[in-house]
Amino acid sequence: MDKQLADLDLNLIKLLKVVVETKNTHQAAKVLGISQPSVSRGLAKLKEIFGEQLVIRKAHGIEPSELAEKLAEAADDMLLPISKVIQTYQNFNPLEFDEEVSIALTPILLEVFGSEIYQALEKALPKAQFKLVFVNSNSLNYLLNAKLDCILQIGELSLPKEVYSHTLKNVKLAIVAREAHPVLSQSSELADIHHLPIVRMAPENQGSKHSALHQNYAAKGYSAQVILDTHEIELITEKLKRSDAITFSSSFITYNNPKLKCYPLPSNTPHSQREISIVGNYLQTRRGSPLSQLIHQILSSCFNNFEQPES
């Protein structure tokens, strides 16, 4: 019986409850909005699981057994939690939602866009509590275990099938350095700039010695001189402003940094490396939830509204 119970259709318990209440298959069919033969077939399946004596047919109706009556009484306890879950989905009210929203972001995304993202979330979910944190080695496990609502990162990653990924924005790249840079003011070709020191946002998903940056330099016979890898954007911008160092990034980091300027990428830069994607990652099983859909809408709207500064 255990295997049969595991496969039991909850609609059959609902059917049994109505049959016990009406004691008549024709009347039960009317209440359920199905045909009388469908009720009879449902009762036959229930008898296969609980025994032939579950209900007994009489001349003018059905006589339920004690087991049938107890199962009918338990029906509300079985179906009510499911009903509450459905109501929660159907009646989701962002203005009354008072639980936690947790999002992990690549450092540069949190530092550049964090304030605007938080304000948009707070406006849509005024009673919620928010956790906006840096992506770390545990973030994927947290997402898979529903302890994170979303991971925002730069570039597409190889993620398990349980994760749904969606590109929120494509961002153009440039060389960023101080204004009136003595070399970049004349040329940004690799042959002319390869000796310049590089500061870089530390990569989240690849070893620094095997990055696309190093590969591009090596392909032309040069060695990329990375003098600083960091997750702290302020360190990068300060180093750029007080030295001849350069970084390969987006013009977004020139926000509130008038002393920084964007210069063209080297002409040999592959098309695939002339822009980056900002990607949102969500747990597949929660994609249909009202909260996940709202978070996705808020993030999509935020990034659509972010106008990239001219490079």
# chains A, B, ... in the order shown; residues from 1 in each chain; ligands from 1
call {"tool": "select_by_dssp", "arguments": {"residues": "stretch 41-258 of chain A", "states": "strand (DSSP E)", "output": "ChimeraX atom specification"}}
result
/A:55-58,61-64,100-105,129-134,150-154,163-178,198-201,226-230,247-250
call {"tool": "residues_around", "arguments": {"residues": "A:Leu109", "least_positions_apart": "4", "cutoff": "10 Å", "atoms": "only C-alpha atoms", "output": "list in words"}}
result
Ala104, Leu105, Phe113, Gly114, Ile117, Phe134, Leu152, Gln153, Ile154, Ile233, Phe252 and Ile278 of chain A
call {"tool": "write_last_selection", "arguments": {"atoms": "N, CA and C atoms", "output": "PDB file, in the first residue's frame"}}
result
ATOM      1  N   ALA A 104      23.159  38.120  -4.354  1.00  0.00           N
ATOM      2  CA  ALA A 104      24.628  38.190  -4.350  1.00  0.00           C
ATOM      3  C   ALA A 104      25.085  38.786  -5.675  1.00  0.00           C
ATOM      4  N   LEU A 105      26.012  39.736  -5.621  1.00  0.00           N
ATOM      5  CA  LEU A 105      26.467  40.437  -6.815  1.00  0.00           C
ATOM      6  C   LEU A 105      27.984  40.395  -6.925  1.00  0.00           C
ATOM      7  N   PHE A 113      26.306  49.725  -9.138  1.00  0.00           N
ATOM      8  CA  PHE A 113      24.854  49.766  -9.299  1.00  0.00           C
ATOM      9  C   PHE A 113      24.068  49.486  -8.017  1.00  0.00           C
ATOM     10  N   GLY A 114      24.787  49.125  -6.944  1.00  0.00           N
ATOM     11  CA  GLY A 114      24.108  48.672  -5.729  1.00  0.00           C
ATOM     12  C   GLY A 114      23.079  49.641  -5.178  1.00  0.00           C
ATOM     13  N   ILE A 117      19.911  49.717  -7.363  1.00  0.00           N
ATOM     14  CA  ILE A 117      19.189  48.447  -7.258  1.00  0.00           C
ATOM     15  C   ILE A 117      18.452  48.376  -5.922  1.00  0.00           C
ATOM     16  N   PHE A 134      28.424  40.445  -1.664  1.00  0.00           N
ATOM     17  CA  PHE A 134      29.339  40.039  -2.719  1.00  0.00           C
ATOM     18  C   PHE A 134      29.172  38.551  -3.022  1.00  0.00           C
ATOM     19  N   LEU A 152      23.843  37.911  -9.359  1.00  0.00           N
ATOM     20  CA  LEU A 152      24.153  38.798 -10.486  1.00  0.00           C
ATOM     21  C   LEU A 152      25.655  38.758 -10.723  1.00  0.00           C
ATOM     22  N   GLN A 153      26.059  38.414 -11.937  1.00  0.00           N
ATOM     23  CA  GLN A 153      27.481  38.352 -12.208  1.00  0.00           C
ATOM     24  C   GLN A 153      27.770  38.842 -13.622  1.00  0.00           C
ATOM     25  N   ILE A 154      29.046  39.103 -13.871  1.00  0.00           N
ATOM     26  CA  ILE A 154      29.503  39.566 -15.175  1.00  0.00           C
ATOM     27  C   ILE A 154      29.973  38.365 -15.981  1.00  0.00           C
ATOM     28  N   ILE A 233      36.673  48.484  -6.157  1.00  0.00           N
ATOM     29  CA  ILE A 233      36.703  49.392  -7.297  1.00  0.00           C
ATOM     30  C   ILE A 233      37.377  50.721  -6.951  1.00  0.00           C
ATOM     31  N   PHE A 252      31.322  52.714 -17.085  1.00  0.00           N
ATOM     32  CA  PHE A 252      30.563  52.918 -15.853  1.00  0.00           C
ATOM     33  C   PHE A 252      31.476  53.307 -14.689  1.00  0.00           C
ATOM     34  N   ILE A 278      25.894  41.379 -18.301  1.00  0.00           N
ATOM     35  CA  ILE A 278      25.480  41.301 -16.901  1.00  0.00           C
ATOM     36  C   ILE A 278      24.356  40.273 -16.854  1.00  0.00           C
TER      37      ILE A 278
END
call {"tool": "decode", "arguments": {"residues": "stretch 137-151 of chain A", "atoms": "all heavy atoms", "output": "PDB file, in the first residue's frame"}}
result
ATOM      1  N   SER A 137      32.445  31.950  -2.887  1.00  0.00           N
ATOM      2  CA  SER A 137      32.506  30.538  -3.268  1.00  0.00           C
ATOM      3  C   SER A 137      31.293  29.740  -2.817  1.00  0.00           C
ATOM      4  O   SER A 137      31.036  28.647  -3.318  1.00  0.00           O
ATOM      5  CB  SER A 137      33.782  29.890  -2.700  1.00  0.00           C
ATOM      6  OG  SER A 137      33.798  30.002  -1.279  1.00  0.00           O
ATOM      7  N   ASN A 138      30.536  30.279  -1.863  1.00  0.00           N
ATOM      8  CA  ASN A 138      29.351  29.575  -1.361  1.00  0.00           C
ATOM      9  C   ASN A 138      28.056  30.008  -2.054  1.00  0.00           C
ATOM     10  O   ASN A 138      27.009  29.411  -1.811  1.00  0.00           O
ATOM     11  CB  ASN A 138      29.198  29.802   0.144  1.00  0.00           C
ATOM     12  CG  ASN A 138      30.326  29.195   0.943  1.00  0.00           C
ATOM     13  OD1 ASN A 138      30.751  28.083   0.666  1.00  0.00           O
ATOM     14  ND2 ASN A 138      30.835  29.938   1.924  1.00  0.00           N
ATOM     15  N   SER A 139      28.133  31.037  -2.883  1.00  0.00           N
ATOM     16  CA  SER A 139      26.915  31.633  -3.429  1.00  0.00           C
ATOM     17  C   SER A 139      26.085  30.645  -4.242  1.00  0.00           C
ATOM     18  O   SER A 139      24.856  30.608  -4.127  1.00  0.00           O
ATOM     19  CB  SER A 139      27.254  32.854  -4.288  1.00  0.00           C
ATOM     20  OG  SER A 139      27.843  33.865  -3.512  1.00  0.00           O
ATOM     21  N   LEU A 140      26.730  29.836  -5.074  1.00  0.00           N
ATOM     22  CA  LEU A 140      25.979  28.890  -5.895  1.00  0.00           C
ATOM     23  C   LEU A 140      25.239  27.882  -5.027  1.00  0.00           C
ATOM     24  O   LEU A 140      24.070  27.583  -5.283  1.00  0.00           O
ATOM     25  CB  LEU A 140      26.906  28.168  -6.874  1.00  0.00           C
ATOM     26  CG  LEU A 140      26.233  27.131  -7.785  1.00  0.00           C
ATOM     27  CD1 LEU A 140      25.102  27.764  -8.594  1.00  0.00           C
ATOM     28  CD2 LEU A 140      27.251  26.486  -8.710  1.00  0.00           C
ATOM     29  N   ASN A 141      25.903  27.367  -4.002  1.00  0.00           N
ATOM     30  CA  ASN A 141      25.228  26.426  -3.105  1.00  0.00           C
ATOM     31  C   ASN A 141      24.054  27.079  -2.403  1.00  0.00           C
ATOM     32  O   ASN A 141      23.004  26.460  -2.208  1.00  0.00           O
ATOM     33  CB  ASN A 141      26.214  25.870  -2.072  1.00  0.00           C
ATOM     34  CG  ASN A 141      27.138  24.817  -2.650  1.00  0.00           C
ATOM     35  OD1 ASN A 141      26.784  24.139  -3.616  1.00  0.00           O
ATOM     36  ND2 ASN A 141      28.322  24.685  -2.088  1.00  0.00           N
ATOM     37  N   TYR A 142      24.222  28.330  -2.009  1.00  0.00           N
ATOM     38  CA  TYR A 142      23.122  29.051  -1.369  1.00  0.00           C
ATOM     39  C   TYR A 142      21.941  29.200  -2.335  1.00  0.00           C
ATOM     40  O   TYR A 142      20.783  29.060  -1.939  1.00  0.00           O
ATOM     41  CB  TYR A 142      23.574  30.432  -0.900  1.00  0.00           C
ATOM     42  CG  TYR A 142      24.471  30.424   0.313  1.00  0.00           C
ATOM     43  CD1 TYR A 142      25.422  31.416   0.509  1.00  0.00           C
ATOM     44  CD2 TYR A 142      24.385  29.410   1.261  1.00  0.00           C
ATOM     45  CE1 TYR A 142      26.260  31.418   1.620  1.00  0.00           C
ATOM     46  CE2 TYR A 142      25.219  29.404   2.379  1.00  0.00           C
ATOM     47  CZ  TYR A 142      26.144  30.403   2.548  1.00  0.00           C
ATOM     48  OH  TYR A 142      26.965  30.402   3.636  1.00  0.00           O
ATOM     49  N   LEU A 143      22.241  29.490  -3.601  1.00  0.00           N
ATOM     50  CA  LEU A 143      21.177  29.620  -4.594  1.00  0.00           C
ATOM     51  C   LEU A 143      20.456  28.285  -4.777  1.00  0.00           C
ATOM     52  O   LEU A 143      19.223  28.229  -4.794  1.00  0.00           O
ATOM     53  CB  LEU A 143      21.748  30.098  -5.926  1.00  0.00           C
ATOM     54  CG  LEU A 143      20.729  30.339  -7.049  1.00  0.00           C
ATOM     55  CD1 LEU A 143      19.869  31.555  -6.738  1.00  0.00           C
ATOM     56  CD2 LEU A 143      21.427  30.523  -8.387  1.00  0.00           C
ATOM     57  N   LEU A 144      21.227  27.204  -4.915  1.00  0.00           N
ATOM     58  CA  LEU A 144      20.641  25.884  -5.140  1.00  0.00           C
ATOM     59  C   LEU A 144      19.807  25.424  -3.950  1.00  0.00           C
ATOM     60  O   LEU A 144      18.860  24.646  -4.106  1.00  0.00           O
ATOM     61  CB  LEU A 144      21.743  24.862  -5.424  1.00  0.00           C
ATOM     62  CG  LEU A 144      22.503  25.048  -6.738  1.00  0.00           C
ATOM     63  CD1 LEU A 144      23.666  24.072  -6.831  1.00  0.00           C
ATOM     64  CD2 LEU A 144      21.571  24.872  -7.937  1.00  0.00           C
ATOM     65  N   ASN A 145      20.120  25.931  -2.760  1.00  0.00           N
ATOM     66  CA  ASN A 145      19.378  25.570  -1.556  1.00  0.00           C
ATOM     67  C   ASN A 145      18.358  26.633  -1.162  1.00  0.00           C
ATOM     68  O   ASN A 145      17.855  26.634  -0.037  1.00  0.00           O
ATOM     69  CB  ASN A 145      20.341  25.321  -0.391  1.00  0.00           C
ATOM     70  CG  ASN A 145      21.139  24.047  -0.570  1.00  0.00           C
ATOM     71  OD1 ASN A 145      20.579  22.953  -0.546  1.00  0.00           O
ATOM     72  ND2 ASN A 145      22.445  24.169  -0.760  1.00  0.00           N
ATOM     73  N   ALA A 146      18.045  27.518  -2.127  1.00  0.00           N
ATOM     74  CA  ALA A 146      17.009  28.550  -1.952  1.00  0.00           C
ATOM     75  C   ALA A 146      17.317  29.515  -0.808  1.00  0.00           C
ATOM     76  O   ALA A 146      16.400  30.089  -0.227  1.00  0.00           O
ATOM     77  CB  ALA A 146      15.642  27.895  -1.746  1.00  0.00           C
ATOM     78  N   LYS A 147      18.609  29.707  -0.502  1.00  0.00           N
ATOM     79  CA  LYS A 147      18.987  30.691   0.499  1.00  0.00           C
ATOM     80  C   LYS A 147      19.363  32.017  -0.143  1.00  0.00           C
ATOM     81  O   LYS A 147      19.638  32.990   0.553  1.00  0.00           O
ATOM     82  CB  LYS A 147      20.154  30.160   1.341  1.00  0.00           C
ATOM     83  CG  LYS A 147      19.779  28.948   2.191  1.00  0.00           C
ATOM     84  CD  LYS A 147      20.969  28.453   3.001  1.00  0.00           C
ATOM     85  CE  LYS A 147      20.591  27.234   3.832  1.00  0.00           C
ATOM     86  NZ  LYS A 147      21.754  26.717   4.612  1.00  0.00           N
ATOM     87  N   LEU A 148      19.414  32.033  -1.463  1.00  0.00           N
ATOM     88  CA  LEU A 148      19.615  33.252  -2.245  1.00  0.00           C
ATOM     89  C   LEU A 148      18.507  33.340  -3.276  1.00  0.00           C
ATOM     90  O   LEU A 148      18.106  32.319  -3.847  1.00  0.00           O
ATOM     91  CB  LEU A 148      20.963  33.215  -2.981  1.00  0.00           C
ATOM     92  CG  LEU A 148      22.208  33.781  -2.310  1.00  0.00           C
ATOM     93  CD1 LEU A 148      23.408  33.576  -3.216  1.00  0.00           C
ATOM     94  CD2 LEU A 148      22.052  35.248  -1.958  1.00  0.00           C
ATOM     95  N   ASP A 149      18.019  34.544  -3.513  1.00  0.00           N
ATOM     96  CA  ASP A 149      16.982  34.723  -4.537  1.00  0.00           C
ATOM     97  C   ASP A 149      17.590  34.896  -5.923  1.00  0.00           C
ATOM     98  O   ASP A 149      16.968  34.552  -6.926  1.00  0.00           O
ATOM     99  CB  ASP A 149      16.112  35.930  -4.191  1.00  0.00           C
ATOM    100  CG  ASP A 149      15.289  35.704  -2.942  1.00  0.00           C
ATOM    101  OD1 ASP A 149      14.422  34.808  -2.966  1.00  0.00           O
ATOM    102  OD2 ASP A 149      15.517  36.405  -1.941  1.00  0.00           O
ATOM    103  N   CYS A 150      18.805  35.421  -5.976  1.00  0.00           N
ATOM    104  CA  CYS A 150      19.399  35.708  -7.286  1.00  0.00           C
ATOM    105  C   CYS A 150      20.902  35.916  -7.141  1.00  0.00           C
ATOM    106  O   CYS A 150      21.368  36.380  -6.094  1.00  0.00           O
ATOM    107  CB  CYS A 150      18.750  36.964  -7.880  1.00  0.00           C
ATOM    108  SG  CYS A 150      19.427  37.491  -9.462  1.00  0.00           S
ATOM    109  N   ILE A 151      21.639  35.550  -8.174  1.00  0.00           N
ATOM    110  CA  ILE A 151      23.063  35.892  -8.279  1.00  0.00           C
ATOM    111  C   ILE A 151      23.228  36.754  -9.527  1.00  0.00           C
ATOM    112  O   ILE A 151      22.807  36.373 -10.609  1.00  0.00           O
ATOM    113  CB  ILE A 151      23.951  34.641  -8.402  1.00  0.00           C
ATOM    114  CG1 ILE A 151      23.905  33.811  -7.119  1.00  0.00           C
ATOM    115  CG2 ILE A 151      25.389  35.033  -8.722  1.00  0.00           C
ATOM    116  CD1 ILE A 151      24.686  32.514  -7.210  1.00  0.00           C
TER     117      ILE A 151
END
